[in-house]
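Text of coords-v9.cif (mmCIF, C-alpha atoms) as supplied:
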```cif
data_structure
#
loop_
_atom_site.group_PDB
_atom_site.id
_atom_site.type_symbol
_atom_site.label_atom_id
_atom_site.label_comp_id
_atom_site.auth_asym_id
_atom_site.auth_seq_id
_atom_site.Cartn_x
_atom_site.Cartn_y
_atom_site.Cartn_z
ATOM 1 C CA MET A 19 26.661 -41.638 70.423
ATOM 2 C CA PRO A 20 27.931 -39.756 67.420
ATOM 3 C CA ASP A 21 25.760 -39.884 64.364
ATOM 4 C CA ASP A 22 27.722 -41.510 61.540
ATOM 5 C CA THR A 23 25.171 -40.819 58.835
ATOM 6 C CA PRO A 24 26.603 -38.288 56.425
ATOM 7 C CA ARG A 25 25.034 -34.854 56.458
ATOM 8 C CA PRO A 26 23.311 -33.799 53.247
ATOM 9 C CA ASP A 27 25.745 -31.791 51.190
ATOM 10 C CA PRO A 28 24.284 -28.453 50.064
ATOM 11 C CA ASP A 29 26.746 -28.516 47.184
ATOM 12 C CA ALA A 30 25.918 -32.055 46.024
ATOM 13 C CA ASP A 31 24.262 -30.853 42.825
ATOM 14 C CA LEU A 32 27.074 -28.473 41.866
ATOM 15 C CA VAL A 33 29.666 -31.129 42.672
ATOM 16 C CA GLN A 34 27.869 -33.718 40.564
ATOM 17 C CA ARG A 35 27.644 -31.328 37.619
ATOM 18 C CA ALA A 36 31.309 -30.377 37.995
ATOM 19 C CA ARG A 37 32.241 -34.057 38.012
ATOM 20 C CA GLU A 38 30.376 -34.483 34.758
ATOM 21 C CA GLY A 39 32.550 -31.767 33.217
ATOM 22 C CA ASP A 40 30.378 -28.696 33.767
ATOM 23 C CA THR A 41 33.051 -26.032 34.342
ATOM 24 C CA ARG A 42 30.419 -23.429 35.241
ATOM 25 C CA ALA A 43 29.347 -25.543 38.188
ATOM 26 C CA PHE A 44 32.931 -25.607 39.420
ATOM 27 C CA ASP A 45 33.152 -21.840 38.893
ATOM 28 C CA GLN A 46 30.179 -21.460 41.206
ATOM 29 C CA LEU A 47 31.954 -23.504 43.856
ATOM 30 C CA ILE A 48 35.021 -21.274 43.489
ATOM 31 C CA LEU A 49 32.922 -18.150 43.880
ATOM 32 C CA LYS A 50 31.088 -19.638 46.837
ATOM 33 C CA TYR A 51 34.154 -20.666 48.852
ATOM 34 C CA GLY A 52 36.884 -18.460 47.370
ATOM 35 C CA ASP A 53 36.536 -15.634 49.889
ATOM 36 C CA LYS A 54 36.476 -17.918 52.926
ATOM 37 C CA LEU A 55 39.417 -19.966 51.746
ATOM 38 C CA TYR A 56 41.291 -16.777 50.913
ATOM 39 C CA GLY A 57 40.772 -15.627 54.526
ATOM 40 C CA LEU A 58 41.855 -18.999 55.879
ATOM 41 C CA ILE A 59 45.062 -19.131 53.828
ATOM 42 C CA TYR A 60 45.861 -15.465 54.338
ATOM 43 C CA ASN A 61 45.574 -15.788 58.110
ATOM 44 C CA MET A 62 47.880 -18.788 57.991
ATOM 45 C CA THR A 63 50.525 -17.267 55.699
ATOM 46 C CA SER A 64 50.180 -13.482 56.215
ATOM 47 C CA ASN A 65 51.299 -12.937 52.640
ATOM 48 C CA LYS A 66 49.063 -11.928 49.743
ATOM 49 C CA GLU A 67 51.116 -13.438 46.902
ATOM 50 C CA ASP A 68 51.499 -16.736 48.714
ATOM 51 C CA THR A 69 47.774 -16.733 49.460
ATOM 52 C CA HIS A 70 46.898 -16.148 45.809
ATOM 53 C CA ASP A 71 49.192 -18.896 44.511
ATOM 54 C CA LEU A 72 48.082 -21.346 47.165
ATOM 55 C CA LEU A 73 44.422 -20.662 46.494
ATOM 56 C CA GLN A 74 44.959 -21.338 42.783
ATOM 57 C CA ASP A 75 46.705 -24.597 43.683
ATOM 58 C CA VAL A 76 43.957 -25.591 46.117
ATOM 59 C CA PHE A 77 41.199 -25.194 43.527
ATOM 60 C CA ALA A 78 43.324 -26.901 40.877
ATOM 61 C CA ARG A 79 43.872 -29.856 43.215
ATOM 62 C CA ALA A 80 40.157 -29.993 44.012
ATOM 63 C CA TYR A 81 39.298 -29.805 40.302
ATOM 64 C CA HIS A 82 41.577 -32.719 39.432
ATOM 65 C CA SER A 83 40.560 -34.740 42.498
ATOM 66 C CA LEU A 84 36.817 -34.367 42.003
ATOM 67 C CA PRO A 85 36.516 -37.831 40.402
ATOM 68 C CA LYS A 86 38.020 -39.258 43.613
ATOM 69 C CA PHE A 87 35.646 -37.312 45.876
ATOM 70 C CA LYS A 88 33.301 -39.960 47.248
ATOM 71 C CA GLY A 89 30.984 -37.629 49.109
ATOM 72 C CA ARG A 90 31.734 -39.156 52.523
ATOM 73 C CA SER A 91 32.047 -35.595 53.824
ATOM 74 C CA THR A 92 30.579 -32.405 52.469
ATOM 75 C CA PHE A 93 32.404 -30.628 49.655
ATOM 76 C CA TYR A 94 32.955 -27.756 52.071
ATOM 77 C CA THR A 95 34.779 -29.983 54.613
ATOM 78 C CA TRP A 96 36.717 -31.686 51.845
ATOM 79 C CA ILE A 97 38.004 -28.487 50.253
ATOM 80 C CA TYR A 98 38.901 -27.073 53.670
ATOM 81 C CA GLN A 99 40.951 -30.212 54.302
ATOM 82 C CA ILE A 100 42.750 -29.728 50.978
ATOM 83 C CA ALA A 101 43.389 -26.051 51.742
ATOM 84 C CA ILE A 102 44.721 -26.722 55.248
ATOM 85 C CA ASN A 103 46.961 -29.618 54.187
ATOM 86 C CA MET A 104 48.417 -27.646 51.299
ATOM 87 C CA THR A 105 48.929 -24.539 53.443
ATOM 88 C CA LEU A 106 50.630 -26.483 56.224
ATOM 89 C CA ASN A 107 52.933 -28.165 53.685
ATOM 90 C CA PHE A 108 53.706 -24.792 52.159
ATOM 91 C CA LEU A 109 54.507 -23.299 55.577
ATOM 92 C CA LYS A 110 56.879 -26.167 56.364
ATOM 93 C CA LYS A 111 58.720 -25.597 53.085
ATOM 94 C CA ARG A 112 58.821 -21.844 53.634
ATOM 95 C CA LYS A 113 60.214 -22.294 57.118
ATOM 96 C CA ARG A 114 62.908 -24.628 55.816
ATOM 97 C CA ARG A 115 63.722 -22.262 52.949
ATOM 98 C CA SER A 116 64.293 -19.087 54.904
ATOM 99 C CA GLY A 117 61.973 -18.428 57.788
ATOM 100 C CA LEU A 118 59.564 -15.552 57.448
ATOM 101 C CA SER A 119 60.496 -12.317 59.104
ATOM 102 C CA LEU A 120 57.701 -10.511 60.865
ATOM 103 C CA ASN A 121 58.519 -7.535 58.643
ATOM 104 C CA ASP A 122 57.427 -9.558 55.622
ATOM 105 C CA MET A 123 53.932 -9.844 56.950
ATOM 106 C CA GLU A 124 51.166 -7.658 55.747
ATOM 107 C CA SER A 125 48.180 -6.206 57.392
ATOM 108 C CA SER A 126 45.970 -5.374 54.473
ATOM 109 C CA VAL A 127 42.597 -5.346 56.107
ATOM 110 C CA GLN A 128 39.610 -4.412 54.049
ATOM 111 C CA GLN A 129 36.935 -3.298 56.399
ATOM 112 C CA ASP A 130 33.459 -4.516 55.886
ATOM 113 C CA PRO A 131 31.097 -1.593 55.086
ATOM 114 C CA ALA A 132 28.996 -2.487 58.121
ATOM 115 C CA LEU A 133 31.992 -1.948 60.358
ATOM 116 C CA VAL A 134 32.791 1.401 58.779
ATOM 117 C CA GLU A 135 29.255 2.500 59.429
ATOM 118 C CA SER A 136 29.362 1.318 62.995
ATOM 119 C CA GLY A 137 31.287 4.347 64.165
ATOM 120 C CA TRP A 138 34.964 3.470 63.685
ATOM 121 C CA GLU A 139 35.457 6.019 60.935
ATOM 122 C CA SER A 140 33.896 8.806 62.994
ATOM 123 C CA ASP A 141 36.560 8.294 65.651
ATOM 124 C CA PRO A 142 39.902 8.473 63.809
ATOM 125 C CA GLU A 143 41.971 7.821 66.935
ATOM 126 C CA ARG A 144 40.039 4.689 67.743
ATOM 127 C CA ARG A 145 40.247 3.609 64.117
ATOM 128 C CA THR A 146 44.040 4.007 64.153
ATOM 129 C CA ASN A 147 44.130 1.992 67.329
ATOM 130 C CA LEU A 148 42.095 -0.708 65.685
ATOM 131 C CA HIS A 149 44.435 -0.908 62.682
ATOM 132 C CA GLU A 150 47.459 -1.027 64.952
ATOM 133 C CA LEU A 151 45.783 -3.664 67.068
ATOM 134 C CA GLN A 152 45.001 -5.798 64.031
ATOM 135 C CA LYS A 153 48.586 -5.509 62.886
ATOM 136 C CA ARG A 154 49.733 -6.652 66.310
ATOM 137 C CA LEU A 155 47.146 -9.405 66.213
ATOM 138 C CA ASN A 156 48.516 -10.677 62.893
ATOM 139 C CA GLU A 157 52.012 -10.663 64.353
ATOM 140 C CA ALA A 158 50.807 -12.493 67.440
ATOM 141 C CA MET A 159 49.080 -15.081 65.233
ATOM 142 C CA GLN A 160 52.366 -15.732 63.458
ATOM 143 C CA HIS A 161 53.992 -16.498 66.802
ATOM 144 C CA LEU A 162 51.597 -19.387 67.334
ATOM 145 C CA SER A 163 52.506 -22.857 66.153
ATOM 146 C CA GLU A 164 50.842 -23.893 62.899
ATOM 147 C CA SER A 165 48.400 -26.258 64.604
ATOM 148 C CA HIS A 166 47.333 -23.562 67.080
ATOM 149 C CA ARG A 167 47.078 -20.905 64.376
ATOM 150 C CA THR A 168 44.886 -23.263 62.369
ATOM 151 C CA VAL A 169 42.326 -23.745 65.143
ATOM 152 C CA VAL A 170 42.266 -20.030 65.994
ATOM 153 C CA THR A 171 41.715 -19.173 62.339
ATOM 154 C CA LEU A 172 38.966 -21.749 61.922
ATOM 155 C CA PHE A 173 37.175 -20.997 65.196
ATOM 156 C CA ASP A 174 37.691 -17.304 65.952
ATOM 157 C CA VAL A 175 38.163 -15.905 62.474
ATOM 158 C CA GLN A 176 36.088 -18.212 60.302
ATOM 159 C CA GLY A 177 33.499 -18.928 62.961
ATOM 160 C CA LEU A 178 33.371 -22.700 62.488
ATOM 161 C CA PRO A 179 31.985 -24.810 65.362
ATOM 162 C CA HIS A 180 34.289 -27.156 67.286
ATOM 163 C CA GLY A 181 32.740 -30.253 65.705
ATOM 164 C CA GLU A 182 33.404 -29.118 62.154
ATOM 165 C CA ILE A 183 36.957 -28.113 62.990
ATOM 166 C CA ALA A 184 37.511 -31.564 64.502
ATOM 167 C CA GLU A 185 36.167 -33.157 61.321
ATOM 168 C CA ILE A 186 38.317 -31.011 59.051
ATOM 169 C CA LEU A 187 41.488 -31.567 61.076
ATOM 170 C CA LYS A 188 40.615 -35.228 61.818
ATOM 171 C CA VAL A 189 41.170 -34.785 65.550
ATOM 172 C CA SER A 190 38.822 -35.033 68.537
ATOM 173 C CA VAL A 191 36.686 -32.137 69.733
ATOM 174 C CA GLY A 192 38.655 -32.245 72.997
ATOM 175 C CA THR A 193 41.887 -31.674 71.101
ATOM 176 C CA VAL A 194 40.336 -28.711 69.305
ATOM 177 C CA ARG A 195 39.224 -27.212 72.610
ATOM 178 C CA SER A 196 42.562 -27.685 74.332
ATOM 179 C CA ARG A 197 44.463 -26.221 71.358
ATOM 180 C CA LEU A 198 42.143 -23.237 71.385
ATOM 181 C CA HIS A 199 42.581 -22.707 75.119
ATOM 182 C CA TYR A 200 46.372 -22.773 74.839
ATOM 183 C CA ALA A 201 46.384 -20.562 71.731
ATOM 184 C CA HIS A 202 44.191 -17.942 73.458
ATOM 185 C CA GLN A 203 46.546 -17.855 76.427
ATOM 186 C CA GLN A 204 49.475 -17.327 74.070
ATOM 187 C CA LEU A 205 47.691 -14.547 72.196
ATOM 188 C CA GLN A 206 46.704 -12.795 75.429
ATOM 189 C CA THR A 207 50.339 -12.815 76.522
ATOM 190 C CA TYR A 208 51.631 -11.527 73.174
ATOM 191 C CA LEU A 209 49.072 -8.734 73.149
ATOM 192 C CA GLN A 210 49.404 -7.801 76.816
ATOM 193 C CA ASP A 211 51.782 -4.813 76.358
ATOM 194 C CA PHE A 212 49.753 -3.350 73.564
ATOM 195 C CA TRP A 213 46.508 -3.894 75.414
ATOM 196 C CA GLU A 214 47.854 -2.114 78.513
ATOM 197 C CA GLN A 215 49.051 0.884 76.473
ATOM 198 C CA ARG A 216 45.933 1.399 74.468
ATOM 199 C CA PHE A 217 42.984 0.270 76.541
ATOM 200 C CA MET B 121 46.403 -6.266 82.172
ATOM 201 C CA LYS B 122 45.531 -8.959 79.660
ATOM 202 C CA ALA B 123 42.552 -9.035 77.344
ATOM 203 C CA ASN B 124 40.033 -11.524 78.643
ATOM 204 C CA ASP B 125 38.619 -14.341 76.516
ATOM 205 C CA GLN B 126 35.628 -12.300 75.463
ATOM 206 C CA GLN B 127 37.731 -9.299 74.413
ATOM 207 C CA LEU B 128 40.162 -11.517 72.554
ATOM 208 C CA GLY B 129 37.281 -13.280 70.821
ATOM 209 C CA ASP B 130 35.778 -9.936 69.794
ATOM 210 C CA LEU B 131 39.132 -8.788 68.496
ATOM 211 C CA LEU B 132 39.711 -11.949 66.485
ATOM 212 C CA SER B 133 36.194 -11.840 65.110
ATOM 213 C CA LEU B 134 37.045 -8.500 63.461
ATOM 214 C CA LYS B 135 39.255 -10.517 61.149
ATOM 215 C CA ARG B 136 36.113 -12.160 59.773
ATOM 216 C CA HIS B 137 35.583 -8.952 57.854
ATOM 217 C CA GLU B 138 38.878 -9.202 56.043
ATOM 218 C CA ARG B 139 38.161 -9.639 52.382
ATOM 219 C CA PRO B 140 40.248 -9.876 49.239
ATOM 220 C CA PRO B 141 40.121 -6.650 47.209
ATOM 221 C CA GLU B 142 37.024 -5.820 45.185
ATOM 222 C CA GLY B 143 36.871 -7.827 41.950
ATOM 223 C CA TYR B 144 39.575 -10.192 43.134
ATOM 224 C CA MET B 145 37.526 -13.373 42.698
ATOM 225 C CA GLU B 146 36.578 -12.509 39.104
ATOM 226 C CA ASP B 147 40.251 -12.015 38.212
ATOM 227 C CA PHE B 148 41.077 -15.154 40.154
ATOM 228 C CA LEU B 149 38.552 -17.137 38.132
ATOM 229 C CA ARG B 150 39.955 -15.820 34.836
ATOM 230 C CA GLU B 151 43.453 -16.859 35.892
ATOM 231 C CA PHE B 152 42.139 -20.247 36.990
ATOM 232 C CA HIS B 153 40.645 -20.869 33.531
ATOM 233 C CA MET B 154 43.820 -19.659 31.822
ATOM 234 C CA ARG B 155 45.928 -22.052 33.889
ATOM 235 C CA ARG B 156 43.600 -24.955 33.087
ATOM 236 C CA ARG B 157 43.821 -24.151 29.354
ATOM 237 C CA GLU B 158 47.631 -24.050 29.473
ATOM 238 C CA GLU B 159 47.608 -27.312 31.388
ATOM 239 C CA ALA B 160 45.322 -28.906 28.794
ATOM 240 C CA MET B 161 47.560 -27.689 25.963
ATOM 241 C CA GLN B 162 50.649 -29.127 27.628
ATOM 242 C CA MET B 163 48.842 -32.398 28.205
ATOM 243 C CA GLY B 164 47.660 -32.307 24.600
ATOM 244 C CA SER B 165 51.156 -31.831 23.204
ATOM 245 C CA ARG B 166 52.490 -34.606 25.432
ATOM 246 C CA THR B 167 49.737 -37.020 24.436
ATOM 247 C CA GLY B 168 50.170 -35.890 20.810
ATOM 248 C CA LEU B 169 53.835 -36.890 20.842
ATOM 249 C CA TRP B 170 52.980 -40.240 22.392
ATOM 250 C CA GLU B 171 50.199 -40.836 19.868
ATOM 251 C CA ARG B 172 52.552 -40.050 16.964
ATOM 252 C CA PHE B 173 55.125 -42.458 18.372
ATOM 253 C CA THR B 174 52.611 -45.285 18.850
ATOM 254 C CA ALA B 175 51.174 -44.645 15.369
ATOM 255 C CA TRP B 176 54.642 -44.854 13.898
ATOM 256 C CA LEU B 177 55.197 -48.146 15.683
ATOM 257 C CA ALA B 178 51.929 -49.476 14.358
ATOM 258 C CA GLU B 179 52.877 -48.805 10.714
ATOM 259 C CA PRO B 180 53.914 -51.908 8.741
ATOM 260 C CA GLY B 181 57.456 -52.137 7.397
ATOM 261 C CA LEU B 182 60.718 -53.764 8.277
ATOM 262 C CA ALA B 183 63.052 -50.844 7.750
ATOM 263 C CA LYS B 184 61.871 -48.969 10.832
ATOM 264 C CA TRP B 185 62.457 -52.023 12.998
ATOM 265 C CA ALA B 186 65.992 -52.252 11.694
ATOM 266 C CA TYR B 187 66.387 -48.563 12.381
ATOM 267 C CA GLY B 188 64.927 -48.968 15.879
ATOM 268 C CA ALA B 189 67.159 -51.928 16.625
ATOM 269 C CA GLY B 190 70.166 -49.926 15.473
ATOM 270 C CA VAL B 191 69.246 -47.048 17.774
ATOM 271 C CA ALA B 192 68.722 -49.437 20.696
ATOM 272 C CA TYR B 193 72.080 -51.117 19.987
ATOM 273 C CA ALA B 194 73.818 -47.740 19.880
ATOM 274 C CA ALA B 195 72.167 -46.726 23.158
ATOM 275 C CA VAL B 196 73.253 -49.917 24.913
ATOM 276 C CA LEU B 197 76.776 -49.531 23.503
ATOM 277 C CA ALA B 198 76.920 -45.932 24.721
ATOM 278 C CA VAL B 199 75.893 -47.017 28.201
ATOM 279 C CA VAL B 200 78.484 -49.792 28.275
ATOM 280 C CA VAL B 201 81.255 -47.498 27.008
ATOM 281 C CA SER B 202 80.362 -44.732 29.390
ATOM 282 C CA LEU B 203 80.401 -46.991 32.435
ATOM 283 C CA PRO B 204 83.394 -46.139 34.605
ATOM 284 C CA LYS B 205 86.031 -48.818 34.632
ATOM 285 C CA GLY B 206 88.110 -49.342 37.739
ATOM 286 C CA GLN B 207 91.620 -50.818 37.659
ATOM 287 C CA GLU B 208 91.678 -54.316 38.891
ATOM 288 C CA VAL B 209 94.252 -54.829 41.533
ATOM 289 C CA ASP B 210 95.267 -58.314 42.502
ATOM 290 C CA GLN B 211 95.037 -58.641 46.173
ATOM 291 C CA PRO B 212 97.994 -60.550 47.603
ATOM 292 C CA SER B 213 96.816 -63.710 49.151
ATOM 293 C CA LEU B 214 97.206 -63.653 52.833
ATOM 294 C CA GLN B 215 98.968 -66.699 54.109
ATOM 295 C CA PRO B 216 100.354 -67.208 57.552
ATOM 296 C CA VAL B 217 104.096 -66.880 57.616
ATOM 297 C CA SER B 218 105.844 -69.439 59.731
ATOM 298 C CA HIS B 219 109.488 -69.348 60.652
ATOM 299 C CA PRO B 220 110.231 -72.421 62.735
ATOM 300 C CA VAL B 221 112.861 -71.863 65.292
ATOM 301 C CA VAL B 222 115.471 -74.557 64.941
ATOM 302 C CA GLU B 223 116.698 -75.804 68.224
ATOM 303 C CA PRO B 224 120.479 -76.051 68.294
ATOM 304 C CA LEU B 225 121.585 -79.631 68.326
ATOM 305 C CA GLU B 226 123.358 -80.560 71.474
ATOM 306 C CA SER B 227 125.585 -82.952 69.553
ATOM 307 C CA ALA B 228 126.686 -80.179 67.229
ATOM 308 C CA ALA B 229 128.798 -78.435 69.818
ATOM 309 C CA PRO B 230 131.466 -76.162 68.384
ATOM 310 C CA THR B 231 134.550 -78.164 67.587
ATOM 311 C CA GLN B 232 137.936 -76.947 68.618
ATOM 312 C CA LEU B 233 139.800 -75.755 65.562
ATOM 313 C CA ASP B 234 143.466 -76.431 65.181
ATOM 314 C CA GLU B 235 145.513 -73.456 66.065
ATOM 315 C CA LEU B 236 146.699 -71.628 63.004
ATOM 316 C CA ASP B 237 150.411 -71.594 62.489
ATOM 317 C CA LEU B 238 151.370 -68.015 61.843
ATOM 318 C CA ARG B 239 155.105 -68.426 62.083
ATOM 319 C CA PRO B 240 157.208 -67.152 59.199
ATOM 320 C CA SER B 241 157.997 -69.824 56.678
ATOM 321 C CA SER B 242 161.656 -69.559 57.414
ATOM 322 C CA GLU B 243 161.083 -70.732 60.877
ATOM 323 C CA GLY B 244 159.815 -74.079 60.038
ATOM 324 C CA LYS B 245 158.941 -76.499 57.462
ATOM 325 C CA LEU B 246 155.288 -76.283 58.062
ATOM 326 C CA GLY B 247 154.977 -72.702 56.820
ATOM 327 C CA GLU B 248 156.705 -73.334 53.493
ATOM 328 C CA GLN B 249 154.774 -73.530 50.368
ATOM 329 C CA GLU B 250 156.034 -75.767 47.741
ATOM 330 C CA PHE B 251 155.175 -75.298 44.060
#
```

Would you write out, as structure tokens, the structure that this file holds?
Amino acid sequence: MPDDTPRPDPDADLVQRAREGDTRAFDQLILKYGDKLYGLIYNMTSNKEDTHDLLQDVFARAYHSLPKFKGRSTFYTWIYQIAINMTLNFLKKRKRRSGLSLNDMESSVQQDPALVESGWESDPERRTNLHELQKRLNEAMQHLSESHRTVVTLFDVQGLPHGEIAEILKVSVGTVRSRLHYAHQQLQTYLQDFWEQRF
Amino acid sequence: MKANDQQLGDLLSLKRHERPPEGYMEDFLREFHMRRREEAMQMGSRTGLWERFTAWLAEPGLAKWAYGAGVAYAAVLAVVVSLPKGQEVDQPSLQPVSHPVVEPLESAAPTQLDELDLRPSSEGKLGEQEF
């Protein structure tokens, strides 16, 4: 039986202080989750300017909605829900407005220093392959439907467990798993040509 | 050949290392504070206008009420005048038209007219006209 008791929120203290008007506490929450939310939104939109504007809007919404935050979920789940809802709404509007060309997408990957040290830089050909592969991966991600891209981003890119994704998206764990399975099949097909050429 | 689940997972996990540029979050935070300040100023000016209006209403004096009533009257008048007026067209009343077919009376059979006498007057007395 699922445990309905709410998990202790590691951010409860910061949230409480922010609710009482302590802007520094909210700044700490921004610094804590900014990078992760940036990655989430960027992988959904593939556009830096859109990501920046959306992230500003997400934190602004959270800031104004803090008095309504009852603590039934953790702050982390709550702000992820805000970010995903706002990003999905934005994508719907963008699709209606013009439809994003794949040429508009960016592949501005900043490698983690640990990765650079792990031998990629010493093999320039392999490094070029990796960049090309990531570009193709971003393109393939954009071919997925928004719901499939969301679960791939949350699970494969952000590393969230199935249960948390289900909680954030308000769907069952089974739905998360089946969306992931389908999305992986799609990605494997999109990347097949490239994979055959390079590896 | 397709990438298997493990290879795809490894590939996607590389994206975990994507980061916004160095110093991005500090700039982001500065912009966030600037936006909140602008928002507060806008809210302040809006609430300031409202407060001035309510304070003005709270002041004693009859003249302002007369002035307010005049403005309200003018506004209502402007709305009434600006309303589009359509031409009223009288719709003709629809009534069933009945044209009863009159059956010819059997008794009113055409009567035989007397034959007209077209003979010249010189030929007989009947054609003469006397004045």

Contact residues (chain B, partner chain A, 8 Å, all atoms listed in the file) as a PyMOL selection string: chain B and resi 121-125+128-129+131-141+145+148-149+152

query: Using only C-alpha atoms, which residue out of A:Arg42, A:Arg197, A:Lys88, A:Arg79 lies closest to Asp27 of chain A?
result: A:Lys88

- prompt: If you count only C-alpha atoms, which residues fall within 12 Å of Pro85 of chain A, apart from same-chain ones fewer than 6 positions away, as a ChimeraX atom specification?
  reply: /A:33-39,79

message: Report, in Å to a single decimal, how far apart atom CA of Tyr200 of chain A and atom CA of Ile102 of chain A are.
response: 20.1 Å

task: Using atom CA of Leu198 of chain A and atom CA of His180 of chain A as the two end points, give the distance in Å to one decimal.
output: 9.7 Å
